[in-house]
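Okay, structure first, notes after.
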Amino acid sequence: MDFIESLFSDPAAYRLLTIVILSIFLGVEVIGRVPSVLHTPLMSGANAIHGVVIIGAIIVMGQAPPDDYLALILGFLAVILGTLNVVGGFVVTDRMLEMFSKKKNNK
Amino acid sequence: NIFLNICYLIGSVTFILGLKMLSHPDSARKGNKVAAFGMGLAIAATIFLYKDDHGYRLGNYGWIFAGLAIGTVLGTLAAKKVQMTAMPEMVSLFNGMGGACAMLISVIEYHHTENPPTGMLLVIVLGMIIGTVSFAGSIIAWGKLNGKIKDKVIPGAQVVNFVLWGVLLVSAVAVIGGFSQEPWLFYTILAVAAVYGVLFVMPIGGADMPVVISLLNSFTGVAAAFGGFLYNNPVMLTGGILVGSAGTILTMLMCKAMNRSLKNVLVGAFGGTKAGRPSAAG
């Protein structure tokens, strides 16, 4: 229970908790009225945004001791996978939307 | 660290703006670019400006840049070459990569820290479970969409799932509560989460895959947010939670567009492959 208490007593933890709660509401509001044609591109764009996990991979990689091969190899793999998520995600979304705007212009 | 924090703040704002613009037809393409810009800024700032609690900068630059280069080349090639019709499965694959990334971060952090406090263990274990489920599930969803994996109703799936949940809960409590410091228990959790991810997606019909991918997408968002807790990193937290909540709403909207309830999709018994069902993939 110490942990739950610290969420409210520790300033840093409390700040993070506040960000979490506010972000939940923001996420709901921000995409509230998306037309159904944009469902898949929006999913793909959101997919690219959670690629922000790459930052964790970079930190873990950058802090790995040079003789800790397990951390180095797994961290390296994590950086590659995270980059794939980010770069691939944004490029695929752009291609989807490119197709979408072409369709609209032809009409 | 002032500049780092400014960059992270800009990153968070671009994610919000990006999602907002992505949900309107006229601004969608620009919104994607705005979010991509913010992501690039956050990544570059982390590489060059990040300092740990003791004021040390990051090392292993060679590894970091090599990983970034390989990921960028592979990701761009894969995304440029994919057929228009195969895009949802590509999204699923990229989503799986993100889940795997979160999983690996948790594994490394578990080995790094000696006698971590309960809060940190909680964040590490939950991040790993969600990341692993998302990874395994996304790979199955990808395989189903490209026809490599057929729909399969596993006999007694509910009993199996029940047992898996039990094992997951007991071992997670043992590890997080500090009752056991055995690494094998940690890896049991990882294995069970992977099996659960496979069983979760296996019985769901191919036509419902976009909904499942959207759901797994929001899972990965939550896994990324646990990374934000782990590193006390605001941009990971906002990005992850935004995708987690927006993704959940999007999943429900997609179900609504198909005239189905989420429960209906997930139970899977009705999720056949009947032709002509309006799919959300368009």
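Residue numbering restarts at 1 in every chain; chains get A, B, ... in the order shown in the structure tokens, and ligands count up from 1 in that same order.
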TODO: Could you give me, as a ChimeraX atom specification, the residues within 9 Å of A:Ser23, counting only C-alpha atoms and dropping anything in the same chain fewer than 2 positions from it?
DONE: /A:18-21,25-28 /B:237-239,241-242,245
Show me, as a JSON list (two decimals) with N, CA and C atoms, in the first residue's frame, the residues that have an atom within 10 Å of A:Asn85 when counting only C-alpha atoms, minus same-chain residues fewer than 4 positions from it.
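As a result, around22.json now contains:
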[["chain", "number", "residue", "atom", "x", "y", "z"],
["A", 47, "ASN", "N", -0.90, 4.36, -34.13],
["A", 47, "ASN", "CA", 0.10, 3.29, -34.08],
["A", 47, "ASN", "C", 1.51, 3.87, -34.15],
["A", 48, "ALA", "N", 1.70, 4.84, -35.04],
["A", 48, "ALA", "CA", 3.02, 5.47, -35.15],
["A", 48, "ALA", "C", 3.36, 6.25, -33.88],
["A", 49, "ILE", "N", 2.35, 6.89, -33.29],
["A", 49, "ILE", "CA", 2.61, 7.73, -32.11],
["A", 49, "ILE", "C", 3.02, 6.89, -30.91],
["A", 50, "HIS", "N", 2.43, 5.70, -30.74],
["A", 50, "HIS", "CA", 2.90, 4.91, -29.58],
["A", 50, "HIS", "C", 4.31, 4.37, -29.80],
["A", 51, "GLY", "N", 4.82, 4.56, -31.01],
["A", 51, "GLY", "CA", 6.23, 4.26, -31.24],
["A", 51, "GLY", "C", 7.16, 5.12, -30.39],
["A", 52, "VAL", "N", 6.59, 6.08, -29.65],
["A", 52, "VAL", "CA", 7.36, 6.91, -28.73],
["A", 52, "VAL", "C", 8.09, 6.03, -27.70],
["A", 53, "VAL", "N", 7.69, 4.77, -27.61],
["A", 53, "VAL", "CA", 8.37, 3.81, -26.75],
["A", 53, "VAL", "C", 9.86, 3.69, -27.14],
["A", 54, "ILE", "N", 10.19, 4.08, -28.37],
["A", 54, "ILE", "CA", 11.58, 4.10, -28.83],
["A", 54, "ILE", "C", 12.47, 4.92, -27.89],
["A", 79, "VAL", "N", 15.80, -0.93, -30.07],
["A", 79, "VAL", "CA", 15.91, 0.31, -30.86],
["A", 79, "VAL", "C", 15.45, 0.06, -32.30],
["A", 80, "ILE", "N", 15.88, -1.08, -32.88],
["A", 80, "ILE", "CA", 15.46, -1.39, -34.26],
["A", 80, "ILE", "C", 13.94, -1.53, -34.34],
["A", 81, "LEU", "N", 13.36, -2.31, -33.42],
["A", 81, "LEU", "CA", 11.91, -2.55, -33.45],
["A", 81, "LEU", "C", 11.13, -1.25, -33.25],
["A", 89, "GLY", "N", 5.25, 3.29, -39.32],
["A", 89, "GLY", "CA", 3.92, 3.78, -38.99],
["A", 89, "GLY", "C", 3.60, 5.09, -39.67],
["A", 90, "PHE", "N", 4.51, 6.06, -39.60],
["A", 90, "PHE", "CA", 4.23, 7.36, -40.21],
["A", 90, "PHE", "C", 4.19, 7.27, -41.74],
["B", 71, "GLY", "N", 16.47, 0.34, -38.57],
["B", 71, "GLY", "CA", 15.02, 0.44, -38.44],
["B", 71, "GLY", "C", 14.42, 1.39, -39.47],
["B", 72, "THR", "N", 15.10, 2.53, -39.72],
["B", 72, "THR", "CA", 14.57, 3.51, -40.67],
["B", 72, "THR", "C", 14.53, 2.92, -42.09],
["B", 75, "GLY", "N", 11.96, 0.01, -42.20],
["B", 75, "GLY", "CA", 10.60, 0.53, -42.04],
["B", 75, "GLY", "C", 10.12, 1.26, -43.27],
["B", 91, "VAL", "N", 0.15, -2.35, -40.68],
["B", 91, "VAL", "CA", -0.05, -1.61, -39.42],
["B", 91, "VAL", "C", 0.04, -2.57, -38.24],
["B", 92, "SER", "N", -0.58, -3.75, -38.40],
["B", 92, "SER", "CA", -0.54, -4.74, -37.33],
["B", 92, "SER", "C", 0.89, -5.17, -37.02],
["B", 93, "LEU", "N", 1.67, -5.37, -38.08],
["B", 93, "LEU", "CA", 3.06, -5.79, -37.90],
["B", 93, "LEU", "C", 3.85, -4.71, -37.17],
["B", 94, "PHE", "N", 3.69, -3.45, -37.59],
["B", 94, "PHE", "CA", 4.40, -2.35, -36.92],
["B", 94, "PHE", "C", 3.96, -2.23, -35.47],
["B", 95, "ASN", "N", 2.68, -2.44, -35.23],
["B", 95, "ASN", "CA", 2.16, -2.41, -33.86],
["B", 95, "ASN", "C", 2.84, -3.48, -33.01],
["B", 96, "GLY", "N", 2.99, -4.66, -33.60],
["B", 96, "GLY", "CA", 3.68, -5.75, -32.91],
["B", 96, "GLY", "C", 5.12, -5.38, -32.56],
["B", 97, "MET", "N", 5.79, -4.68, -33.47],
["B", 97, "MET", "CA", 7.17, -4.24, -33.22],
["B", 97, "MET", "C", 7.22, -3.33, -31.99],
["B", 98, "GLY", "N", 6.24, -2.42, -31.90],
["B", 98, "GLY", "CA", 6.18, -1.52, -30.75],
["B", 98, "GLY", "C", 5.96, -2.28, -29.45],
["B", 99, "GLY", "N", 5.08, -3.29, -29.49],
["B", 99, "GLY", "CA", 4.83, -4.12, -28.32],
["B", 99, "GLY", "C", 6.09, -4.86, -27.90],
["B", 101, "CYS", "N", 9.12, -3.98, -28.50],
["B", 101, "CYS", "CA", 10.06, -2.99, -27.99],
["B", 101, "CYS", "C", 9.79, -2.74, -26.50]]
Task: Long-range neighbours of A:Val91 as a PyMOL selection string, 6 Å cut-off, only C-alpha atoms, 3 positions minimum in chain - done: (chain A and resi 88+94) or (chain B and resi 79)
Requested write-out: all heavy atoms of the selected residues, as a tab-separated table (two decimals), in the first residue's frame:
chain	number	residue	atom	x	y	z
A	88	GLY	N	7.96	3.21	-40.01
A	88	GLY	CA	6.99	2.48	-40.81
A	88	GLY	C	5.58	3.01	-40.58
A	88	GLY	O	4.81	3.19	-41.53
A	94	ASP	N	0.97	8.06	-44.13
A	94	ASP	CA	1.05	9.06	-45.19
A	94	ASP	C	0.57	8.49	-46.51
A	94	ASP	O	-0.16	9.14	-47.26
A	94	ASP	CB	2.49	9.57	-45.31
A	94	ASP	CG	2.56	10.81	-46.18
A	94	ASP	OD1	1.89	11.81	-45.82
A	94	ASP	OD2	3.24	10.78	-47.22
B	79	ALA	N	7.12	-0.02	-45.70
B	79	ALA	CA	5.92	0.82	-45.79
B	79	ALA	C	5.69	1.31	-47.22
B	79	ALA	O	4.56	1.52	-47.64
B	79	ALA	CB	6.03	2.00	-44.83
Task: All residues 9 Å or closer to stretch 252-256 of chain B, only C-alpha atoms, same chain fewer than 5 positions away omitted, as a PyMOL selection string - done: (chain A and resi 34+36+39-40) or (chain B and resi 208+210-211+214-215+247+261-262+265+280)
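Comparing the minimum interatomic distances between chain A and each of B:Trp184, B:Trp142, B:Phe179, B:Phe226, counting only C-alpha atoms, we find that B:Phe226 sits nearest.
Between atom CA of B:Met103 and atom CA of B:Met209 lies a distance of 22.8 Å.
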TODO: Excluding A:Ile58 and any residue of its chain fewer than 5 positions from it, enumerate the residues within 8 Å of it, using only C-alpha atoms, and give them as a PyMOL selection string.
DONE: (chain A and resi 75+79) or (chain B and resi 46-47+64)
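Closest approach to B:Pro155 among B:Ala86, B:Met202, B:Ala35, B:Val175: B:Met202, based on only C-alpha atoms.
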Open item on the list: Considering only helix (DSSP H, G or I) as DSSP defines it on the backbone, what residues of stretch 72-269 of chain B qualify? List them as a ChimeraX atom specification.
Closed with: /B:72-81,84-112,118-145,157-176,183-201,206-230,234-257,262-267
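Coordinates place atom CA of B:Ile176 at a distance of 5.3 Å from atom CA of B:Leu121.
Non-sequential neighbours of B:Leu199 (distance at most 9 Å, separation of 6 or more positions within a chain, only C-alpha atoms) are B:Gly137, B:Ile154, B:Ala157, B:Val160, B:Asn161.
The residue that comes closest to B:Phe3, out of B:Ala223, B:Val163, B:Ala45, B:Ala102 and on the basis of only C-alpha atoms, is B:Ala45.
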